[in-house]
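A.B. asks: One file: protein01.cif (mmCIF, C-alpha atoms).
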```
data_upload
loop_
_atom_site.label_atom_id
_atom_site.label_comp_id
_atom_site.auth_asym_id
_atom_site.auth_seq_id
_atom_site.Cartn_x
_atom_site.Cartn_y
_atom_site.Cartn_z
CA PRO A 1 -1.32 -13.45 15.21
CA GLY A 2 -3.37 -10.39 16.09
CA TYR A 3 -2.63 -6.97 17.51
CA SER A 4 -2.64 -8.51 20.98
CA ARG A 5 -3.27 -11.81 22.75
CA LYS A 6 -7.02 -11.27 22.52
CA ILE A 7 -8.36 -10.77 19.00
CA ASN A 8 -11.43 -8.66 18.20
CA LEU A 9 -13.07 -9.63 14.91
CA ARG A 10 -16.05 -7.58 13.74
CA ALA A 11 -18.37 -8.73 10.97
CA GLU A 12 -19.47 -5.09 10.38
CA TYR A 13 -22.74 -6.55 9.12
CA ASN A 14 -24.68 -3.31 9.55
CA ASP A 15 -22.34 -1.38 7.22
CA PRO A 16 -22.52 -2.40 3.53
CA THR A 17 -19.40 -0.33 2.74
CA PHE A 18 -17.41 -2.05 5.49
CA MET A 19 -15.49 1.24 5.83
CA ARG A 20 -17.00 3.31 8.62
CA ASN A 21 -15.10 1.84 11.55
CA TYR A 22 -11.86 1.89 9.59
CA VAL A 23 -12.15 5.44 8.25
CA ALA A 24 -13.39 6.95 11.52
CA SER A 25 -10.52 5.30 13.45
CA TRP A 26 -8.07 6.52 10.80
CA LEU A 27 -9.37 10.09 11.20
CA PHE A 28 -8.83 9.99 14.96
CA ASP A 29 -5.30 8.75 14.38
CA GLN A 30 -4.50 11.36 11.72
CA LEU A 31 -6.22 14.38 13.27
CA THR A 32 -5.49 13.92 16.99
CA ASP A 33 -2.98 12.55 19.48
CA ILE A 34 -5.70 10.48 21.18
CA PRO A 35 -4.76 6.80 21.55
CA THR A 36 -6.99 5.07 19.00
CA PRO A 37 -7.31 1.37 18.12
CA ARG A 38 -5.90 0.31 14.78
CA VAL A 39 -8.15 -1.51 12.30
CA ARG A 40 -7.23 -3.96 9.53
CA TYR A 41 -9.11 -6.49 7.44
CA ARG A 42 -9.01 -10.26 7.79
CA ARG A 43 -10.68 -13.22 6.11
CA LEU A 44 -11.79 -15.80 8.65
CA PHE A 45 -11.63 -19.54 8.07
CA VAL A 46 -12.50 -22.12 10.73
CA ASN A 47 -11.53 -25.71 9.91
CA GLY A 48 -11.50 -24.80 6.23
CA LYS A 49 -14.94 -23.16 6.30
CA ASP A 50 -15.08 -19.57 5.01
CA TYR A 51 -16.78 -17.20 7.46
CA GLY A 52 -16.19 -14.13 5.29
CA LEU A 53 -14.58 -10.75 5.74
CA TYR A 54 -13.93 -9.22 9.16
CA ALA A 55 -12.41 -6.06 10.56
CA GLU A 56 -9.85 -6.77 13.24
CA VAL A 57 -9.91 -3.96 15.80
CA GLU A 58 -7.00 -3.53 18.18
CA ARG A 59 -7.90 -4.31 21.77
CA ILE A 60 -7.55 -1.48 24.29
CA GLY A 61 -5.46 -3.03 27.03
CA GLU A 62 -1.97 -2.91 28.51
CA LYS A 63 -0.12 -3.45 25.23
CA PHE A 64 -2.23 -0.78 23.53
CA ARG A 65 -1.43 1.83 26.17
CA ARG A 66 2.26 0.93 26.50
CA LYS A 67 2.73 1.27 22.74
CA ARG A 68 1.26 4.79 22.88
CA GLY A 69 3.35 5.99 25.81
CA ARG A 70 0.61 5.63 28.39
CA ASP A 71 0.84 3.87 31.76
CA PRO A 72 -0.33 0.28 31.02
CA LYS A 73 -1.19 -0.34 34.68
CA ALA A 74 -3.30 2.80 35.21
CA PRO A 75 -7.03 2.44 35.87
CA LEU A 76 -8.96 1.61 32.70
CA TYR A 77 -12.74 1.46 32.38
CA GLU A 78 -14.90 0.46 29.42
CA ALA A 79 -18.33 2.05 29.02
CA ASP A 80 -20.52 -0.61 27.46
CA PRO A 81 -23.47 -1.31 29.75
CA PRO A 82 -26.12 -3.96 29.12
CA SER A 83 -29.16 -2.68 27.26
CA SER A 84 -31.32 -2.98 30.37
CA ILE A 85 -29.53 -0.02 31.99
CA GLU A 86 -28.05 1.75 28.96
CA GLY A 87 -31.37 3.46 28.22
CA LYS A 88 -31.40 4.80 31.76
CA GLY A 89 -28.11 6.61 31.15
CA ALA A 90 -25.90 4.20 33.09
CA SER A 91 -22.69 5.19 31.28
CA SER A 92 -23.54 8.87 30.84
CA LEU A 93 -21.01 9.81 33.55
CA GLN A 94 -23.69 10.67 36.07
CA LYS A 95 -24.20 9.58 39.66
CA LEU A 96 -25.52 6.01 39.88
CA PRO A 97 -26.84 3.73 42.60
CA ALA A 98 -23.84 2.11 44.26
CA ASP A 99 -24.66 -1.34 42.88
CA VAL A 100 -24.90 -0.15 39.25
CA TYR A 101 -21.37 1.16 38.66
CA LYS A 102 -19.82 -2.24 38.02
CA SER A 103 -22.47 -3.05 35.43
CA ALA A 104 -22.15 0.32 33.69
CA TYR A 105 -18.35 0.40 33.55
CA GLN A 106 -16.19 -2.67 33.19
CA LYS A 107 -12.80 -2.26 34.86
CA HIS A 108 -9.88 -3.78 32.94
CA SER A 109 -7.15 -3.22 35.52
CA ASP A 110 -6.65 -3.43 39.28
CA PRO A 111 -7.12 -7.00 40.56
CA GLU A 112 -9.10 -5.71 43.54
CA ASN A 113 -11.65 -4.21 41.16
CA ASP A 114 -11.81 -1.00 43.20
CA TYR A 115 -14.08 1.65 41.62
CA LYS A 116 -13.32 4.46 44.07
CA ASP A 117 -11.36 6.58 41.56
CA LEU A 118 -14.11 6.45 38.93
CA ILE A 119 -16.89 7.13 41.45
CA GLU A 120 -14.98 10.09 42.87
CA PHE A 121 -14.47 11.46 39.35
CA ILE A 122 -18.14 11.14 38.45
CA GLU A 123 -19.73 12.24 41.72
CA LYS A 124 -17.24 14.82 43.02
CA ARG A 125 -15.94 16.25 39.76
CA VAL A 126 -18.35 15.87 36.84
CA MET A 127 -21.62 15.93 38.78
CA LYS A 128 -20.42 18.71 41.07
CA ASP A 129 -19.77 20.93 38.03
CA HIS A 130 -23.09 19.91 36.51
CA ILE A 131 -25.04 20.85 39.63
CA GLU A 132 -23.17 24.12 40.18
CA GLY A 133 -23.13 25.11 36.51
CA THR A 134 -19.35 25.35 36.30
CA SER A 135 -16.51 23.45 34.62
CA THR A 136 -13.80 24.02 37.24
CA ASN A 137 -13.42 20.43 38.39
CA VAL A 138 -13.61 18.96 34.90
CA ARG A 139 -10.84 21.27 33.67
CA ALA A 140 -8.63 20.14 36.55
CA HIS A 141 -9.27 16.41 36.18
CA VAL A 142 -9.77 15.79 32.43
CA ALA A 143 -7.25 16.06 29.60
CA THR A 144 -9.44 18.84 28.24
CA GLY A 145 -7.58 19.55 25.00
CA TRP A 146 -7.70 15.90 24.00
CA TYR A 147 -11.35 15.69 24.95
CA LEU A 148 -12.22 18.67 22.75
CA ASP A 149 -10.38 16.95 19.88
CA TYR A 150 -12.34 13.78 20.66
CA LEU A 151 -15.68 15.60 20.54
CA ALA A 152 -14.74 17.49 17.37
CA VAL A 153 -13.94 14.33 15.40
CA GLN A 154 -17.11 12.66 16.70
CA ALA A 155 -19.09 15.70 15.55
CA ALA A 156 -17.49 15.70 12.10
CA VAL A 157 -18.30 12.02 11.47
CA MET A 158 -21.64 12.34 13.32
CA GLY A 159 -20.84 9.79 15.98
CA ALA A 160 -23.52 9.44 18.65
CA ASP A 161 -22.87 6.02 20.20
CA HIS A 162 -20.21 7.50 22.49
CA VAL A 163 -22.83 9.52 24.38
CA ARG A 164 -23.97 6.46 26.33
CA LYS A 165 -21.38 3.79 25.57
CA ASN A 166 -18.43 2.74 23.39
CA TYR A 167 -15.63 4.72 24.99
CA TYR A 168 -12.82 3.98 27.43
CA LEU A 169 -11.59 6.05 30.38
CA SER A 170 -8.07 5.86 31.76
CA LEU A 171 -6.56 7.84 34.64
CA GLN A 172 -3.12 8.81 33.36
CA LYS A 173 -0.29 10.92 34.78
CA GLY A 174 0.61 13.89 32.57
CA SER A 175 4.02 15.43 31.89
CA GLY A 176 3.60 17.76 34.86
CA GLY A 177 2.85 14.86 37.19
CA ALA A 178 -0.84 15.59 37.68
CA LYS A 179 -3.31 12.82 36.90
CA ARG A 180 -5.96 13.45 34.26
CA TRP A 181 -8.75 11.30 32.87
CA GLU A 182 -8.36 10.47 29.18
CA ILE A 183 -11.18 9.26 26.92
CA TYR A 184 -10.45 6.87 24.04
CA PRO A 185 -12.82 6.13 21.12
CA TRP A 186 -14.13 2.63 20.50
CA ASP A 187 -16.56 0.88 18.14
CA LEU A 188 -16.91 3.57 15.47
CA ASP A 189 -19.19 1.78 13.00
CA MET A 190 -22.20 3.98 13.82
CA THR A 191 -20.78 7.02 12.06
CA PHE A 192 -21.01 8.83 8.70
CA GLY A 193 -24.81 8.94 8.70
CA CYS A 194 -25.46 5.54 10.26
CA VAL A 195 -27.48 5.98 13.46
CA TRP A 196 -29.28 3.66 15.86
CA GLN A 197 -32.91 3.27 14.83
CA GLY A 198 -34.35 0.94 17.42
CA GLY A 199 -33.55 -2.71 16.83
CA ALA A 200 -31.14 -5.04 15.08
CA ASP A 201 -33.32 -5.23 11.98
CA LYS A 202 -33.49 -1.42 11.78
CA ASN A 203 -29.84 -0.82 12.58
CA LEU A 204 -28.47 -1.06 9.03
CA CYS A 205 -26.47 1.73 7.38
CA THR A 206 -28.65 1.69 4.27
CA THR A 207 -30.77 4.74 5.15
CA LEU A 208 -28.43 7.56 6.14
CA SER A 209 -29.27 10.48 8.40
CA GLY A 210 -27.70 13.92 8.44
CA SER A 211 -29.93 15.41 11.11
CA ILE A 212 -27.76 14.98 14.21
CA GLY A 213 -26.12 18.25 15.18
CA ILE A 214 -22.95 18.92 17.12
CA ASP A 215 -24.88 19.32 20.38
CA VAL A 216 -25.60 15.62 20.68
CA GLY A 217 -25.10 14.59 24.30
CA MET A 218 -26.12 17.91 25.83
CA LEU A 219 -29.08 18.16 28.18
CA PRO A 220 -32.02 20.42 27.33
CA ASP A 221 -31.87 23.74 29.14
CA GLY A 222 -33.16 23.47 32.68
CA VAL A 223 -33.00 19.65 32.77
CA LYS A 224 -30.72 18.00 35.32
CA ALA A 225 -29.10 14.61 34.93
CA SER A 226 -30.85 11.79 36.74
CA TYR A 227 -30.31 8.06 36.40
CA GLY A 228 -33.39 6.45 34.93
CA LYS A 229 -34.58 9.58 33.13
CA ASP A 230 -36.30 8.31 29.98
CA GLY A 231 -36.37 10.09 26.65
CA VAL A 232 -33.29 12.27 27.25
CA PHE A 233 -30.09 11.33 25.40
CA TYR A 234 -27.14 12.93 27.16
CA ASN A 235 -23.70 12.62 28.70
CA VAL A 236 -22.91 14.80 31.70
CA LEU A 237 -19.26 15.34 30.78
CA ILE A 238 -20.20 16.43 27.25
CA ASP A 239 -22.83 18.77 28.66
CA THR A 240 -20.43 20.28 31.22
CA VAL A 241 -17.66 20.91 28.69
CA LEU A 242 -19.84 22.36 25.93
CA ARG A 243 -21.71 24.70 28.28
CA ALA A 244 -18.48 26.54 29.09
CA PRO A 245 -18.37 29.39 26.51
CA ASP A 246 -14.59 29.28 25.94
CA LEU A 247 -14.52 25.49 25.61
CA ARG A 248 -17.52 25.60 23.29
CA LYS A 249 -15.72 28.09 21.08
CA GLN A 250 -12.60 25.90 20.98
CA PHE A 251 -14.75 22.88 20.13
CA GLU A 252 -16.37 24.65 17.18
CA GLN A 253 -13.00 25.95 15.99
CA ARG A 254 -11.63 22.42 16.05
CA ILE A 255 -14.50 21.19 13.86
CA CYS A 256 -13.86 23.96 11.34
CA LYS A 257 -10.16 23.09 11.35
CA ILE A 258 -10.98 19.45 10.57
CA LEU A 259 -13.27 20.44 7.70
CA ALA A 260 -10.55 22.68 6.23
CA SER A 261 -7.77 20.10 6.54
CA LYS A 262 -6.11 18.17 3.71
CA ILE A 263 -6.76 15.00 5.71
CA TRP A 264 -10.53 15.54 5.45
CA ASN A 265 -10.68 17.01 1.95
CA GLU A 266 -7.93 15.16 0.08
CA ARG A 267 -6.60 12.14 1.92
CA MET A 268 -9.89 10.75 3.21
CA PRO A 269 -11.52 10.66 -0.25
CA LYS A 270 -8.42 8.93 -1.63
CA LEU A 271 -8.55 6.43 1.23
CA ILE A 272 -12.20 5.64 0.47
CA ASP A 273 -11.32 5.15 -3.22
CA ALA A 274 -8.48 2.81 -2.29
CA LEU A 275 -10.65 0.85 0.16
CA GLU A 276 -13.36 0.42 -2.47
CA THR A 277 -10.84 -1.21 -4.83
CA TYR A 278 -9.20 -3.23 -2.06
CA LEU A 279 -12.42 -4.54 -0.52
CA MET A 280 -14.38 -5.19 -3.71
CA PRO A 281 -13.31 -8.81 -4.36
CA GLU A 282 -13.55 -9.73 -0.68
CA VAL A 283 -17.00 -8.23 -0.20
CA LEU A 284 -18.41 -9.86 -3.31
CA THR A 285 -17.18 -13.32 -2.33
CA ASP A 286 -18.47 -12.97 1.24
CA LYS A 287 -21.86 -14.69 1.11
CA LEU A 288 -22.81 -13.57 4.61
CA ASP A 289 -22.81 -9.77 4.24
CA LEU A 290 -25.44 -7.36 2.92
CA ASN A 291 -24.07 -6.87 -0.60
CA THR A 292 -25.37 -9.03 -3.40
CA SER A 293 -23.70 -7.34 -6.39
CA THR A 294 -20.90 -5.03 -7.50
CA LYS A 295 -23.46 -2.32 -8.18
CA GLN A 296 -24.91 -2.47 -4.68
CA PHE A 297 -21.46 -2.16 -3.09
CA ARG A 298 -20.48 0.74 -5.37
CA ASP A 299 -23.82 2.47 -4.71
CA GLU A 300 -23.32 2.23 -0.96
CA VAL A 301 -19.80 3.68 -1.23
CA ALA A 302 -21.18 6.47 -3.45
CA ASN A 303 -23.80 7.21 -0.78
CA LEU A 304 -21.03 7.43 1.82
CA ARG A 305 -19.12 9.95 -0.32
CA LYS A 306 -22.28 11.98 -0.89
CA TRP A 307 -23.07 12.01 2.83
CA ILE A 308 -19.58 13.32 3.64
CA GLU A 309 -20.01 16.16 1.12
CA GLN A 310 -23.38 17.10 2.61
CA ARG A 311 -22.12 16.90 6.18
CA ASN A 312 -19.18 19.09 5.25
CA ALA A 313 -21.45 21.76 3.75
CA VAL A 314 -23.97 21.71 6.62
CA LEU A 315 -21.35 22.01 9.37
CA LYS A 316 -19.46 24.79 7.58
CA PHE A 317 -22.69 26.73 7.17
CA ASP A 318 -23.93 26.14 10.73
CA LEU A 319 -20.58 27.06 12.28
CA ASP A 320 -19.73 29.82 9.83
CA CYS A 321 -16.31 28.26 9.20
CA THR A 322 -14.73 31.28 7.54
#
```
How would this structure read if it were set down as structure tokens?

C.D. replies:
Amino acid sequence: PGYSRKINLRAEYNDPTFMRNYVASWLFDQLTDIPTPRVRYRRLFVNGKDYGLYAEVERIGEKFRRKRGRDPKAPLYEADPPSSIEGKGASSLQKLPADVYKSAYQKHSDPENDYKDLIEFIEKRVMKDHIEGTSTNVRAHVATGWYLDYLAVQAAVMGADHVRKNYYLSLQKGSGGAKRWEIYPWDLDMTFGCVWQGGADKNLCTTLSGSIGIDVGMLPDGVKASYGKDGVFYNVLIDTVLRAPDLRKQFEQRICKILASKIWNERMPKLIDALETYLMPEVLTDKLDLNTSTKQFRDEVANLRKWIEQRNAVLKFDLDCT
């Protein structure tokens, strides 16, 4: 009954609007050619008991890739490490101890579970560029245009989760026959001002932040990537791409293009209005979510709209989107 044989149901408990995952996924779909999971809403009943409203998110697997014209049998890795190694930068696309790779990246294809292609990409492509201060290998082995689109949308919606987790990598053959790594977005609830604040009880999208800039994921000048480095939030591929002046310029231009688009300025606000009307009765009859009244739900949606307006103004000013 779902998008695929395995069904992903998300309670979206941290988001009182219930919209962030949906709208962010919709933006990726509308603004880019990047394969992005679809999202739809479902009410869950188990043996007649109402478990409330859920967002069903399409699983990234063989069916997902085949439907989008990608090779369904190509290597596919999910970056979602356990918390014990996430803080050490396990999925930041940096060199890891040999026994850590399988914990940092879950492989969803290849019955032999061979990680050689991913390790070669990280250690001989991404890390080589990082150490040498170039982007030569990354340009040759990453679908760079798609990745710049990916980073631009993440910057517009202020996504930060993808720096250390919540993305997929797939090694796909392009139209010219050369293989390139593609990055797909996943788990986009921590967007539009909702950021991780330490623990489950502090991870609610009720206090919004607008302070995260477009450089999120880059290393401080003079600092090199090292597994286990505490207090530095980075991703080596992001750092490598955005340190190349021409790629950085393209990245900023893509953000400005998003902020000037009808999708961002006209269609997204209409979508949020429609979702507010559509979700209202479901949210208010769901006894397990954060909302306790119509006013609270409407206030949270109003805060989301206000945040988008502020983000729009800040980015246009910072980037001089003229």

A.B. asks: Would you mind listing what lies within 8 Å of A:Arg254 as a PyMOL selection string, with all atoms listed in the file counted and same-chain residues fewer than 3 positions away left out?

C.D. replies: chain A and resi 148-149+152+250-251+257-258

A.B. asks: Interatomic distance between atom CA of A:Glu252 and atom CA of A:Gly159?

C.D. replies: 15.6 Å

A.B. asks: Applying 12 Å and all atoms listed in the file, which residues near A:Ile214 remain after dropping the ones on its own chain fewer than 3 positions away? List them as a compact mmCIF listing (two decimals) with C-alpha atoms, in the frame of the given file.

C.D. replies:
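Saved file out.txt follows:
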```txt
# COMPACT_ATOMS: atom_id res chain seq x y z
CA LEU A 151 -15.68 15.60 20.54
CA ALA A 152 -14.74 17.49 17.37
CA VAL A 153 -13.94 14.33 15.40
CA GLN A 154 -17.11 12.66 16.70
CA ALA A 155 -19.09 15.70 15.55
CA ALA A 156 -17.49 15.70 12.10
CA VAL A 157 -18.30 12.02 11.47
CA MET A 158 -21.64 12.34 13.32
CA GLY A 159 -20.84 9.79 15.98
CA ALA A 160 -23.52 9.44 18.65
CA VAL A 163 -22.83 9.52 24.38
CA GLY A 210 -27.70 13.92 8.44
CA SER A 211 -29.93 15.41 11.11
CA GLY A 217 -25.10 14.59 24.30
CA MET A 218 -26.12 17.91 25.83
CA ILE A 238 -20.20 16.43 27.25
CA ASP A 239 -22.83 18.77 28.66
CA LEU A 242 -19.84 22.36 25.93
CA ARG A 248 -17.52 25.60 23.29
CA PHE A 251 -14.75 22.88 20.13
CA GLU A 252 -16.37 24.65 17.18
CA ARG A 254 -11.63 22.42 16.05
CA ILE A 255 -14.50 21.19 13.86
CA CYS A 256 -13.86 23.96 11.34
CA ARG A 311 -22.12 16.90 6.18
CA VAL A 314 -23.97 21.71 6.62
CA LEU A 315 -21.35 22.01 9.37
CA LYS A 316 -19.46 24.79 7.58
CA ASP A 318 -23.93 26.14 10.73
CA LEU A 319 -20.58 27.06 12.28
```

A.B. asks: Spell out the residues picked by the PyMOL selection byres ((chain A and resi 272) around 10) here, as a compact mmCIF listing (two decimals) with C-alpha atoms, keeping the file's coordinate frame.

C.D. replies:
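In the end it all went to selection_2.txt:
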```
# COMPACT_ATOMS: atom_id res chain seq x y z
CA THR A 17 -19.40 -0.33 2.74
CA MET A 19 -15.49 1.24 5.83
CA ARG A 20 -17.00 3.31 8.62
CA TYR A 22 -11.86 1.89 9.59
CA VAL A 23 -12.15 5.44 8.25
CA ARG A 267 -6.60 12.14 1.92
CA MET A 268 -9.89 10.75 3.21
CA PRO A 269 -11.52 10.66 -0.25
CA LYS A 270 -8.42 8.93 -1.63
CA LEU A 271 -8.55 6.43 1.23
CA ASP A 273 -11.32 5.15 -3.22
CA ALA A 274 -8.48 2.81 -2.29
CA LEU A 275 -10.65 0.85 0.16
CA GLU A 276 -13.36 0.42 -2.47
CA THR A 277 -10.84 -1.21 -4.83
CA TYR A 278 -9.20 -3.23 -2.06
CA VAL A 301 -19.80 3.68 -1.23
CA ALA A 302 -21.18 6.47 -3.45
CA LEU A 304 -21.03 7.43 1.82
CA ARG A 305 -19.12 9.95 -0.32
```

A.B. asks: Step by step, work through what the PyMOL selection byres ((chain A and resi 13) around 8) selects in the shown file, and finish by giving those residues as a PyMOL selection string.

C.D. replies: chain A and resi 11-12+14-16+18+204+289-290

A.B. asks: Taking (-6.3, -13.1, 24.0) in the file's coordinates as the center, which residues reach within 12 Å of it, counting only C-alpha atoms, put as a ChimeraX atom specification?

C.D. replies: /A:1-9,58-63

A.B. asks: Going by the chain IDs and residue numbers used in this file, which residues fall under the PyMOL selection byres ((chain A and resi 101) around 10)? Write them as a PyMOL selection string.

C.D. replies: chain A and resi 81+90-91+95-100+102-107+115+118-119

A.B. asks: Would you compute the distance between atom CA of A:Ala74 and atom CA of A:Thr240? Give it in Å to one decimal.

C.D. replies: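 According to the coordinates, atom CA of A:Ala74 and atom CA of A:Thr240 are separated by 24.8 Å.
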
A.B. asks: I'd like the contact shell of stretch 39-45 of chain A - 8 Å cut-off, all atoms listed in the file, skipping same-chain residues fewer than 2 positions apart - returned as a list in words.

C.D. replies: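 Everything that qualifies: Asn21, Tyr22, Ser25, Pro37, Asn47, Gly48, Lys49, Asp50, Tyr51, Gly52, Leu53, Tyr54, Ala55, Glu56, Val57 and Glu58 of chain A.
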
A.B. asks: When you look at A:His108 with a cut-off of 8 Å (counting all atoms listed in the file), what residues show up, excluding the ones that are within fewer than 3 positions of it in the same chain? I need them as a list in words.

C.D. replies: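 Listing them by chain and then by number gives Gly61, Pro75, Leu76, Tyr77 and Glu78 of chain A.
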
A.B. asks: Please provide the set of residues having any atom within 9 Å of stretch 219-222 of chain A, restricted to only C-alpha atoms, with same-chain residues fewer than 6 positions apart removed, written as a CSV table (one decimal) with C-alpha atoms, keeping the file's coordinate frame.

C.D. replies:
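Written out: part.csv:
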```csv
chain,number,residue,atom,x,y,z
A,232,VAL,CA,-33.3,12.3,27.2
A,233,PHE,CA,-30.1,11.3,25.4
A,234,TYR,CA,-27.1,12.9,27.2
A,235,ASN,CA,-23.7,12.6,28.7
A,236,VAL,CA,-22.9,14.8,31.7
A,239,ASP,CA,-22.8,18.8,28.7
```

A.B. asks: To one decimal place, how far is atom CA of A:Arg125 from atom CA of A:Asn137 in Å?

C.D. replies: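 According to the coordinates, atom CA of A:Arg125 and atom CA of A:Asn137 are separated by 5.1 Å.
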
A.B. asks: Would you kindly identify which residues have an atom no farther than 7 Å from (-15.8, 5.8, 26.9), using only C-alpha atoms and the file's own coordinates, and write them out as an MDAnalysis selection string?

C.D. replies: chainID A and resid 78:79 162 165:169 183:185

A.B. asks: Next, the residues of the selection above should be written as a tab-separated table (two decimals), keeping the file's coordinate frame with C-alpha atoms.

C.D. replies:
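File part30.tsv, as written:
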```
chain	number	residue	atom	x	y	z
A	78	GLU	CA	-14.90	0.46	29.42
A	79	ALA	CA	-18.33	2.05	29.02
A	162	HIS	CA	-20.21	7.50	22.49
A	165	LYS	CA	-21.38	3.79	25.57
A	166	ASN	CA	-18.43	2.74	23.39
A	167	TYR	CA	-15.63	4.72	24.99
A	168	TYR	CA	-12.82	3.98	27.43
A	169	LEU	CA	-11.59	6.05	30.38
A	183	ILE	CA	-11.18	9.26	26.92
A	184	TYR	CA	-10.45	6.87	24.04
A	185	PRO	CA	-12.82	6.13	21.12
```

A.B. asks: Please produce stretch 37-51 of chain A, completed to N, CA, C and O atoms, as an mmCIF file, keeping the file's coordinate frame.

C.D. replies:
```cif
data_model
loop_
_atom_site.group_PDB
_atom_site.id
_atom_site.type_symbol
_atom_site.label_atom_id
_atom_site.label_comp_id
_atom_site.auth_asym_id
_atom_site.auth_seq_id
_atom_site.Cartn_x
_atom_site.Cartn_y
_atom_site.Cartn_z
ATOM 1 N N PRO A 37 -7.575 2.728 18.608
ATOM 2 C CA PRO A 37 -7.310 1.370 18.120
ATOM 3 C C PRO A 37 -7.066 1.350 16.609
ATOM 4 O O PRO A 37 -7.725 2.053 15.849
ATOM 5 N N ARG A 38 -6.114 0.535 16.198
ATOM 6 C CA ARG A 38 -5.900 0.310 14.780
ATOM 7 C C ARG A 38 -6.932 -0.680 14.250
ATOM 8 O O ARG A 38 -7.479 -1.484 15.003
ATOM 9 N N VAL A 39 -7.189 -0.609 12.941
ATOM 10 C CA VAL A 39 -8.150 -1.510 12.300
ATOM 11 C C VAL A 39 -7.504 -2.063 11.032
ATOM 12 O O VAL A 39 -6.843 -1.336 10.300
ATOM 13 N N ARG A 40 -7.676 -3.344 10.785
ATOM 14 C CA ARG A 40 -7.230 -3.960 9.530
ATOM 15 C C ARG A 40 -8.209 -5.063 9.172
ATOM 16 O O ARG A 40 -9.005 -5.511 10.006
ATOM 17 N N TYR A 41 -8.136 -5.531 7.940
ATOM 18 C CA TYR A 41 -9.110 -6.490 7.440
ATOM 19 C C TYR A 41 -8.533 -7.903 7.428
ATOM 20 O O TYR A 41 -7.361 -8.116 7.119
ATOM 21 N N ARG A 42 -9.409 -8.859 7.743
ATOM 22 C CA ARG A 42 -9.010 -10.260 7.790
ATOM 23 C C ARG A 42 -10.119 -11.131 7.203
ATOM 24 O O ARG A 42 -11.305 -10.840 7.356
ATOM 25 N N ARG A 43 -9.722 -12.204 6.559
ATOM 26 C CA ARG A 43 -10.680 -13.220 6.110
ATOM 27 C C ARG A 43 -10.610 -14.359 7.113
ATOM 28 O O ARG A 43 -9.523 -14.836 7.452
ATOM 29 N N LEU A 44 -11.753 -14.791 7.599
ATOM 30 C CA LEU A 44 -11.790 -15.800 8.650
ATOM 31 C C LEU A 44 -12.176 -17.169 8.106
ATOM 32 O O LEU A 44 -13.202 -17.316 7.446
ATOM 33 N N PHE A 45 -11.342 -18.145 8.383
ATOM 34 C CA PHE A 45 -11.630 -19.540 8.070
ATOM 35 C C PHE A 45 -11.543 -20.355 9.353
ATOM 36 O O PHE A 45 -10.612 -20.184 10.142
ATOM 37 N N VAL A 46 -12.513 -21.216 9.580
ATOM 38 C CA VAL A 46 -12.500 -22.120 10.730
ATOM 39 C C VAL A 46 -12.609 -23.543 10.210
ATOM 40 O O VAL A 46 -13.627 -23.905 9.598
ATOM 41 N N ASN A 47 -11.557 -24.330 10.415
ATOM 42 C CA ASN A 47 -11.530 -25.710 9.910
ATOM 43 C C ASN A 47 -11.857 -25.767 8.416
ATOM 44 O O ASN A 47 -12.597 -26.636 7.960
ATOM 45 N N GLY A 48 -11.313 -24.806 7.676
ATOM 46 C CA GLY A 48 -11.500 -24.800 6.230
ATOM 47 C C GLY A 48 -12.778 -24.131 5.758
ATOM 48 O O GLY A 48 -12.949 -23.895 4.562
ATOM 49 N N LYS A 49 -13.688 -23.803 6.681
ATOM 50 C CA LYS A 49 -14.940 -23.160 6.300
ATOM 51 C C LYS A 49 -14.768 -21.647 6.281
ATOM 52 O O LYS A 49 -14.252 -21.057 7.237
ATOM 53 N N ASP A 50 -15.226 -21.005 5.195
ATOM 54 C CA ASP A 50 -15.080 -19.570 5.010
ATOM 55 C C ASP A 50 -16.198 -18.826 5.743
ATOM 56 O O ASP A 50 -17.368 -19.000 5.429
ATOM 57 N N TYR A 51 -15.815 -18.004 6.708
ATOM 58 C CA TYR A 51 -16.780 -17.200 7.460
ATOM 59 C C TYR A 51 -16.792 -15.742 6.989
ATOM 60 O O TYR A 51 -17.414 -14.899 7.621
#
```
